[in-house]
file work.cif (mmCIF, C-alpha atoms)
data_my_file
#
loop_
_atom_site.label_atom_id
_atom_site.label_comp_id
_atom_site.auth_asym_id
_atom_site.auth_seq_id
_atom_site.Cartn_x
_atom_site.Cartn_y
_atom_site.Cartn_z
CA MET A 1 -56.78 -33.25 4.72
CA SER A 2 -54.91 -30.21 5.91
CA SER A 3 -52.89 -31.82 8.67
CA ALA A 4 -49.27 -30.72 9.01
CA ILE A 5 -46.39 -33.19 8.61
CA SER A 6 -45.40 -32.60 12.19
CA PRO A 7 -47.13 -30.57 14.86
CA ARG A 8 -44.21 -28.06 14.96
CA SER A 9 -44.43 -27.16 11.29
CA ARG A 10 -47.88 -25.68 11.74
CA ARG A 11 -48.20 -22.04 10.89
CA PRO A 12 -48.47 -19.95 14.07
CA GLU A 13 -51.91 -18.57 14.35
CA GLY A 14 -51.88 -15.22 16.07
CA GLY A 15 -48.10 -14.53 15.97
CA LEU A 16 -45.77 -13.04 13.36
CA ASP A 17 -46.43 -14.07 9.82
CA ARG A 18 -43.82 -13.98 7.08
CA ARG A 19 -45.02 -10.70 5.60
CA SER A 20 -44.56 -8.73 8.80
CA LEU A 21 -41.16 -10.34 9.41
CA VAL A 22 -39.87 -9.21 5.98
CA ALA A 23 -41.15 -5.69 6.54
CA GLY A 24 -39.52 -5.56 9.95
CA ALA A 25 -36.19 -6.76 8.55
CA ALA A 26 -36.26 -4.04 5.90
CA VAL A 27 -36.73 -1.36 8.53
CA GLY A 28 -33.87 -2.88 10.51
CA LEU A 29 -31.54 -2.72 7.51
CA VAL A 30 -32.29 0.94 6.90
CA VAL A 31 -31.63 1.78 10.54
CA ALA A 32 -28.40 -0.23 10.55
CA GLY A 33 -27.21 1.63 7.44
CA LEU A 34 -27.53 5.07 9.02
CA PRO A 35 -24.58 5.13 11.47
CA GLY A 36 -22.21 3.83 8.78
CA ARG A 37 -23.07 6.69 6.48
CA ALA A 38 -22.65 9.23 9.25
CA ALA A 39 -19.18 7.83 10.09
CA SER A 40 -17.93 8.10 6.51
CA GLU A 41 -18.98 11.76 6.38
CA THR A 42 -16.82 12.65 9.35
CA ALA A 43 -13.72 10.89 7.96
CA PRO A 44 -11.03 13.36 6.82
CA ASP A 45 -11.23 14.01 3.10
CA LEU A 46 -8.36 13.91 0.66
CA ALA A 47 -7.73 17.68 0.65
CA GLN A 48 -7.28 17.67 4.42
CA LEU A 49 -4.97 14.67 4.29
CA ILE A 50 -2.82 16.35 1.64
CA ALA A 51 -2.75 19.63 3.55
CA ARG A 52 -1.48 17.82 6.63
CA VAL A 53 1.38 16.29 4.66
CA THR A 54 2.37 19.55 2.97
CA GLU A 55 1.88 21.61 6.15
CA GLY A 56 -0.86 23.68 4.57
CA VAL A 57 0.80 24.46 1.23
CA ALA A 58 -1.45 23.72 -1.73
CA PRO A 59 0.40 21.42 -4.13
CA GLU A 60 0.38 21.99 -7.89
CA ARG A 61 -1.04 19.31 -10.14
CA GLY A 62 1.17 17.54 -12.60
CA ARG A 63 4.80 16.43 -13.09
CA ILE A 64 4.00 13.03 -11.54
CA THR A 65 3.15 9.87 -13.44
CA LEU A 66 1.23 7.46 -11.22
CA SER A 67 0.88 3.99 -12.71
CA ILE A 68 -1.71 2.06 -10.76
CA PRO A 69 -4.30 -0.36 -12.17
CA ALA A 70 -7.75 1.20 -12.64
CA LEU A 71 -9.24 -2.14 -11.58
CA ALA A 72 -7.43 -4.21 -8.99
CA GLU A 73 -8.67 -7.72 -8.40
CA ASN A 74 -6.91 -8.04 -5.06
CA GLY A 75 -6.55 -5.00 -2.85
CA ASN A 76 -4.01 -6.76 -0.64
CA SER A 77 -1.22 -6.18 -3.14
CA VAL A 78 -1.53 -3.50 -5.80
CA ASP A 79 1.50 -2.80 -7.99
CA THR A 80 2.17 0.92 -8.04
CA LYS A 81 4.81 2.86 -9.92
CA ILE A 82 5.55 6.56 -9.48
CA ALA A 83 7.77 8.72 -11.66
CA VAL A 84 8.32 12.41 -11.03
CA ASP A 85 9.58 14.64 -13.82
CA SER A 86 12.70 16.10 -12.17
CA PRO A 87 16.33 16.54 -13.24
CA MET A 88 17.43 15.21 -9.80
CA THR A 89 20.35 17.61 -9.43
CA GLU A 90 21.65 19.17 -6.22
CA ALA A 91 19.68 22.35 -6.99
CA ASP A 92 16.45 20.75 -8.18
CA HIS A 93 15.44 17.34 -6.91
CA VAL A 94 12.60 15.47 -5.27
CA ARG A 95 12.97 15.22 -1.50
CA TRP A 96 10.22 12.72 -0.85
CA ILE A 97 7.18 11.08 -2.40
CA HIS A 98 4.16 10.37 -0.20
CA LEU A 99 1.26 8.00 -0.94
CA ILE A 100 -2.25 8.61 0.44
CA ALA A 101 -5.38 6.44 0.24
CA GLU A 102 -8.23 8.47 1.73
CA LYS A 103 -10.44 5.50 2.66
CA ASN A 104 -7.79 3.23 4.14
CA PRO A 105 -8.04 2.82 7.93
CA PHE A 106 -4.61 4.47 8.03
CA PRO A 107 -4.57 6.81 5.02
CA ASP A 108 -0.82 7.49 4.94
CA MET A 109 0.50 4.44 3.17
CA ALA A 110 4.18 5.05 2.56
CA ARG A 111 6.87 7.66 1.98
CA PHE A 112 9.98 7.38 -0.19
CA HIS A 113 12.88 9.66 0.72
CA LEU A 114 15.09 10.41 -2.26
CA GLY A 115 17.97 12.72 -2.98
CA PRO A 116 20.08 14.01 -5.84
CA ARG A 117 22.04 10.76 -5.83
CA ALA A 118 19.00 8.81 -7.01
CA GLY A 119 19.58 9.98 -10.60
CA ARG A 120 15.92 9.48 -11.49
CA ALA A 121 12.83 10.04 -9.36
CA GLU A 122 11.30 6.65 -10.08
CA VAL A 123 10.03 4.29 -7.41
CA ALA A 124 7.66 1.33 -7.25
CA THR A 125 6.03 -0.68 -4.51
CA THR A 126 3.08 -2.91 -3.66
CA LEU A 127 0.22 -1.32 -1.75
CA ARG A 128 -2.70 -2.47 0.36
CA ILE A 129 -5.90 -0.72 -0.75
CA ALA A 130 -8.92 -1.11 1.53
CA GLN A 131 -11.67 -0.32 -0.98
CA SER A 132 -12.46 1.46 -4.24
CA GLN A 133 -11.23 5.01 -3.80
CA LYS A 134 -8.89 7.75 -4.95
CA VAL A 135 -5.16 7.28 -4.39
CA ALA A 136 -3.08 10.45 -4.23
CA VAL A 137 0.66 11.03 -4.56
CA VAL A 138 2.36 14.12 -3.15
CA ALA A 139 5.99 14.90 -3.92
CA ALA A 140 8.09 17.49 -2.10
CA LEU A 141 10.62 19.34 -4.26
CA SER A 142 13.92 20.74 -3.06
CA ASP A 143 12.78 24.34 -3.64
CA GLY A 144 9.98 23.93 -1.08
CA ARG A 145 7.17 23.44 -3.55
CA PHE A 146 4.87 20.40 -3.70
CA VAL A 147 3.37 18.60 -6.67
CA MET A 148 0.61 16.02 -6.65
CA THR A 149 -1.54 13.75 -8.77
CA ASP A 150 -4.27 11.23 -8.06
CA ALA A 151 -5.92 8.21 -9.64
CA ASP A 152 -9.16 6.33 -9.10
CA ILE A 153 -8.96 2.65 -8.34
CA VAL A 154 -11.69 0.02 -8.18
CA VAL A 155 -10.91 -2.88 -5.86
CA THR A 156 -12.78 -6.17 -6.29
CA LEU A 157 -11.42 -8.01 -3.25
CA SER A 158 -10.69 -5.39 -0.65
CA ALA A 159 -7.88 -5.61 1.85
CA CYS A 160 -8.71 -5.50 5.56
CA ILE A 161 -11.57 -8.00 5.21
CA ASP A 162 -9.84 -11.35 5.28
CA GLY A 163 -6.70 -12.32 7.18
CA GLY A 164 -4.31 -11.28 4.40
CA MET B 165 12.56 -16.76 10.67
CA SER B 166 9.80 -14.97 8.91
CA PHE B 167 12.07 -12.48 7.21
CA ASN B 168 13.90 -12.89 3.95
CA ALA B 169 14.95 -10.46 1.25
CA ARG B 170 15.85 -10.79 -2.41
CA ILE B 171 17.83 -7.90 -3.83
CA THR B 172 18.03 -7.61 -7.60
CA MET B 173 20.58 -5.19 -9.03
CA PRO B 174 23.49 -5.29 -11.45
CA ALA B 175 26.82 -6.37 -9.94
CA GLN B 176 28.74 -3.96 -12.18
CA ALA B 177 28.05 -0.51 -13.53
CA LYS B 178 29.89 2.27 -15.33
CA ALA B 179 30.65 5.40 -13.32
CA GLY B 180 27.73 7.81 -13.59
CA GLU B 181 25.31 5.16 -14.76
CA ILE B 182 21.90 5.02 -13.07
CA VAL B 183 21.33 1.64 -11.43
CA GLU B 184 17.91 0.29 -10.60
CA ILE B 185 17.66 -1.65 -7.34
CA ARG B 186 14.69 -3.93 -6.72
CA VAL B 187 14.05 -5.38 -3.29
CA LEU B 188 11.49 -8.06 -2.59
CA THR B 189 11.06 -8.84 1.09
CA ARG B 190 9.31 -11.73 2.73
CA HIS B 191 7.40 -10.49 5.75
CA VAL B 192 3.77 -10.88 6.91
CA MET B 193 3.40 -7.11 7.58
CA ASP B 194 0.74 -7.86 10.20
CA ARG B 195 -1.27 -4.66 10.56
CA GLY B 196 -2.65 -5.78 13.96
CA GLY B 197 -6.03 -5.15 15.53
CA GLN B 198 -7.36 -8.69 15.12
CA SER B 199 -8.75 -10.45 18.17
CA ASP B 200 -6.24 -12.71 19.87
CA GLY B 201 -9.03 -14.89 21.32
CA LYS B 202 -8.27 -13.75 24.88
CA GLY B 203 -10.18 -10.49 24.81
CA GLY B 204 -7.29 -8.39 23.53
CA THR B 205 -6.01 -7.46 20.10
CA VAL B 206 -2.90 -8.49 18.22
CA PRO B 207 -0.31 -5.68 18.11
CA ARG B 208 0.87 -4.25 14.79
CA LYS B 209 4.03 -5.89 13.52
CA ILE B 210 5.29 -4.54 10.24
CA LEU B 211 8.60 -3.50 8.80
CA ASN B 212 8.30 0.25 9.26
CA ARG B 213 11.48 1.44 7.59
CA LEU B 214 14.01 0.41 4.98
CA THR B 215 17.18 2.46 4.66
CA ALA B 216 19.83 2.00 2.01
CA THR B 217 23.37 3.34 2.32
CA TYR B 218 25.91 3.29 -0.47
CA ALA B 219 29.56 3.31 0.66
CA GLY B 220 28.38 4.71 3.99
CA GLU B 221 26.24 7.51 2.53
CA PRO B 222 22.44 7.27 2.85
CA ILE B 223 20.83 7.14 -0.59
CA PHE B 224 17.26 6.02 0.03
CA ARG B 225 14.74 5.61 2.81
CA PHE B 226 11.33 3.99 2.60
CA ASP B 227 8.87 4.63 5.45
CA MET B 228 6.19 1.96 5.49
CA HIS B 229 2.84 2.04 7.24
CA THR B 230 -0.04 -0.43 7.16
CA GLY B 231 -0.80 0.58 3.56
CA VAL B 232 2.15 -1.43 2.26
CA SER B 233 1.30 -4.99 1.30
CA ALA B 234 2.55 -8.17 2.89
CA ASN B 235 5.83 -9.31 1.32
CA PRO B 236 6.59 -5.75 0.26
CA PHE B 237 8.36 -4.92 -2.95
CA VAL B 238 10.19 -1.66 -3.55
CA SER B 239 12.36 -0.41 -6.37
CA PHE B 240 14.47 2.74 -6.59
CA THR B 241 17.47 4.06 -8.47
CA THR B 242 20.91 5.36 -7.60
CA ARG B 243 23.82 6.77 -9.57
CA ALA B 244 26.92 4.55 -9.55
CA VAL B 245 29.79 6.64 -8.20
CA ALA B 246 32.36 4.29 -6.65
CA THR B 247 32.83 0.62 -5.90
CA GLY B 248 31.25 -0.12 -2.56
CA ASP B 249 28.70 -1.98 -0.54
CA ILE B 250 25.04 -1.06 -0.60
CA VAL B 251 23.70 -1.89 2.83
CA PHE B 252 19.96 -2.39 3.33
CA GLU B 253 18.61 -2.17 6.83
CA TRP B 254 15.02 -2.88 7.82
CA ARG B 255 13.48 -1.83 11.10
CA GLU B 256 10.60 -3.88 12.45
CA ASP B 257 7.96 -2.88 15.02
CA GLY B 258 9.39 -3.89 18.37
CA GLY B 259 12.92 -2.85 17.53
CA ALA B 260 14.30 -5.80 15.59
CA THR B 261 16.53 -4.94 12.63
CA TYR B 262 17.58 -6.97 9.62
CA THR B 263 20.54 -6.18 7.40
CA ARG B 264 21.52 -7.32 3.92
CA THR B 265 24.46 -6.19 1.82
CA ALA B 266 25.03 -6.10 -1.93
CA ARG B 267 28.23 -5.05 -3.64
CA LEU B 268 28.32 -2.74 -6.63
CA THR B 269 31.53 -2.70 -8.67
CA VAL B 270 32.03 0.49 -10.66
CA THR B 271 34.22 0.27 -13.75
#
call {"tool": "encode", "arguments": {"input": "work.cif", "output": "structure tokens"}}
result
Amino acid sequence: MSSAISPRSRRPEGGLDRRSLVAGAAVGLVVAGLPGRAASETAPDLAQLIARVTEGVAPERGRITLSIPALAENGNSVDTKIAVDSPMTEADHVRWIHLIAEKNPFPDMARFHLGPRAGRAEVATTLRIAQSQKVAVVAALSDGRFVMTDADIVVTLSACIDGG
Amino acid sequence: MSFNARITMPAQAKAGEIVEIRVLTRHVMDRGGQSDGKGGTVPRKILNRLTATYAGEPIFRFDMHTGVSANPFVSFTTRAVATGDIVFEWREDGGATYTRTARLTVT
């Protein structure tokens, strides 16, 4: 007896079988993946984002300590601490510190404006990181120079997906 | 009211001492762009700036964009120079401002 349990559960005879459906879905996935890849290639890269902040001046590496977890479980709130090695005097101080996340929908995250009255160039905040990426810090010094550093971060639960 | 702020700093300091100020703010920091269910999108509503003045002189400014988390925390330092009020002022998208004051006594 090869009768089906109900007439509707019978396998369609001439139509699509499961094998061709799976193959078709695979092709669809590949096609759907293409525009996404093309979009990420046209996004501005980190060097461009930094150049825009420093108005074209290439910053030197170093003098900044960026404390950010290498693996963040929740990208909605990532504890970040920045310390710049500076005497913070009237003649030599940090004017501002700028935070960039290249793959955030809005890469410029925050800017701290400091002055000689700060005493120490040390700030901390909580950031929203959209996905695993490189986070860069640029600091402007009072003599017109810029310094920078960056750090890689892996985000398990990315921001900008849920309502938080 | 969806805004609240907790400012943690010493009440007293010696002249010349560097004081750390920690500010934890309660705010949703809504980055906007979600559907409002009526075909439009929700506008951005975040605190976009925090300024701190010490005895009338600006000492710190924090420009925030959508990359700052909800309920933002910020810490910074200042050198104690004279007894005075440290005034914190937040600016929200849409023009609302919030102000909190903390007094630092310098001995």
call {"tool": "resolve_selection", "arguments": {"input": "work.cif", "expression": "the PyMOL selection byres ((chain B and resi 239-245) around 9)", "output": "ChimeraX atom specification"}}
result
/A:81,114,116-125 /B:177-188,218,223-224,237-238,246-248,268-270
call {"tool": "interface_residues", "arguments": {"input": "work.cif", "of": "chain A", "to": "chain B", "cutoff": "10 Å", "atoms": "only C-alpha atoms", "output": "PyMOL selection string"}}
result
chain A and resi 75-81+96-101+104-130+159-160+163-164
call {"tool": "residues_around", "arguments": {"input": "work.cif", "residues": "stretch 47-59 of chain A", "least_positions_apart": "5", "cutoff": "6 Å", "atoms": "all atoms listed in the file", "output": "PyMOL selection string"}}
result
chain A and resi 146-148
call {"tool": "atom_distance", "arguments": {"input": "work.cif", "atom1": "atom CA of B:Gly203", "atom2": "atom CA of A:Lys103"}}
result
27.3 Å
call {"tool": "atom_distance", "arguments": {"input": "work.cif", "atom1": "atom CA of A:Ser132", "atom2": "atom CA of A:Glu60"}}
result
24.5 Å
call {"tool": "closest_residue", "arguments": {"input": "work.cif", "among": "B:Gln176, B:Asn168, B:Ala216, B:Pro207", "to": "B:His191", "atoms": "only C-alpha atoms"}}
result
B:Asn168
call {"tool": "resolve_selection", "arguments": {"input": "work.cif", "expression": "the PyMOL selection byres ((chain B and resi 264) around 7)", "output": "list in words"}}
result
Val251, Phe252, Glu253, Tyr262, Thr263, Thr265 and Ala266 of chain B
call {"tool": "write_last_selection", "arguments": {"input": "work.cif", "atoms": "C-alpha atoms", "output": "compact mmCIF listing (two decimals), keeping the file's coordinate frame"}}
result
# COMPACT_ATOMS: atom_id res chain seq x y z
CA VAL B 251 23.70 -1.89 2.83
CA PHE B 252 19.96 -2.39 3.33
CA GLU B 253 18.61 -2.17 6.83
CA TYR B 262 17.58 -6.97 9.62
CA THR B 263 20.54 -6.18 7.40
CA THR B 265 24.46 -6.19 1.82
CA ALA B 266 25.03 -6.10 -1.93
call {"tool": "atom_distance", "arguments": {"input": "work.cif", "atom1": "atom CA of A:Val138", "atom2": "atom CA of A:Ser67"}}
result
14.0 Å
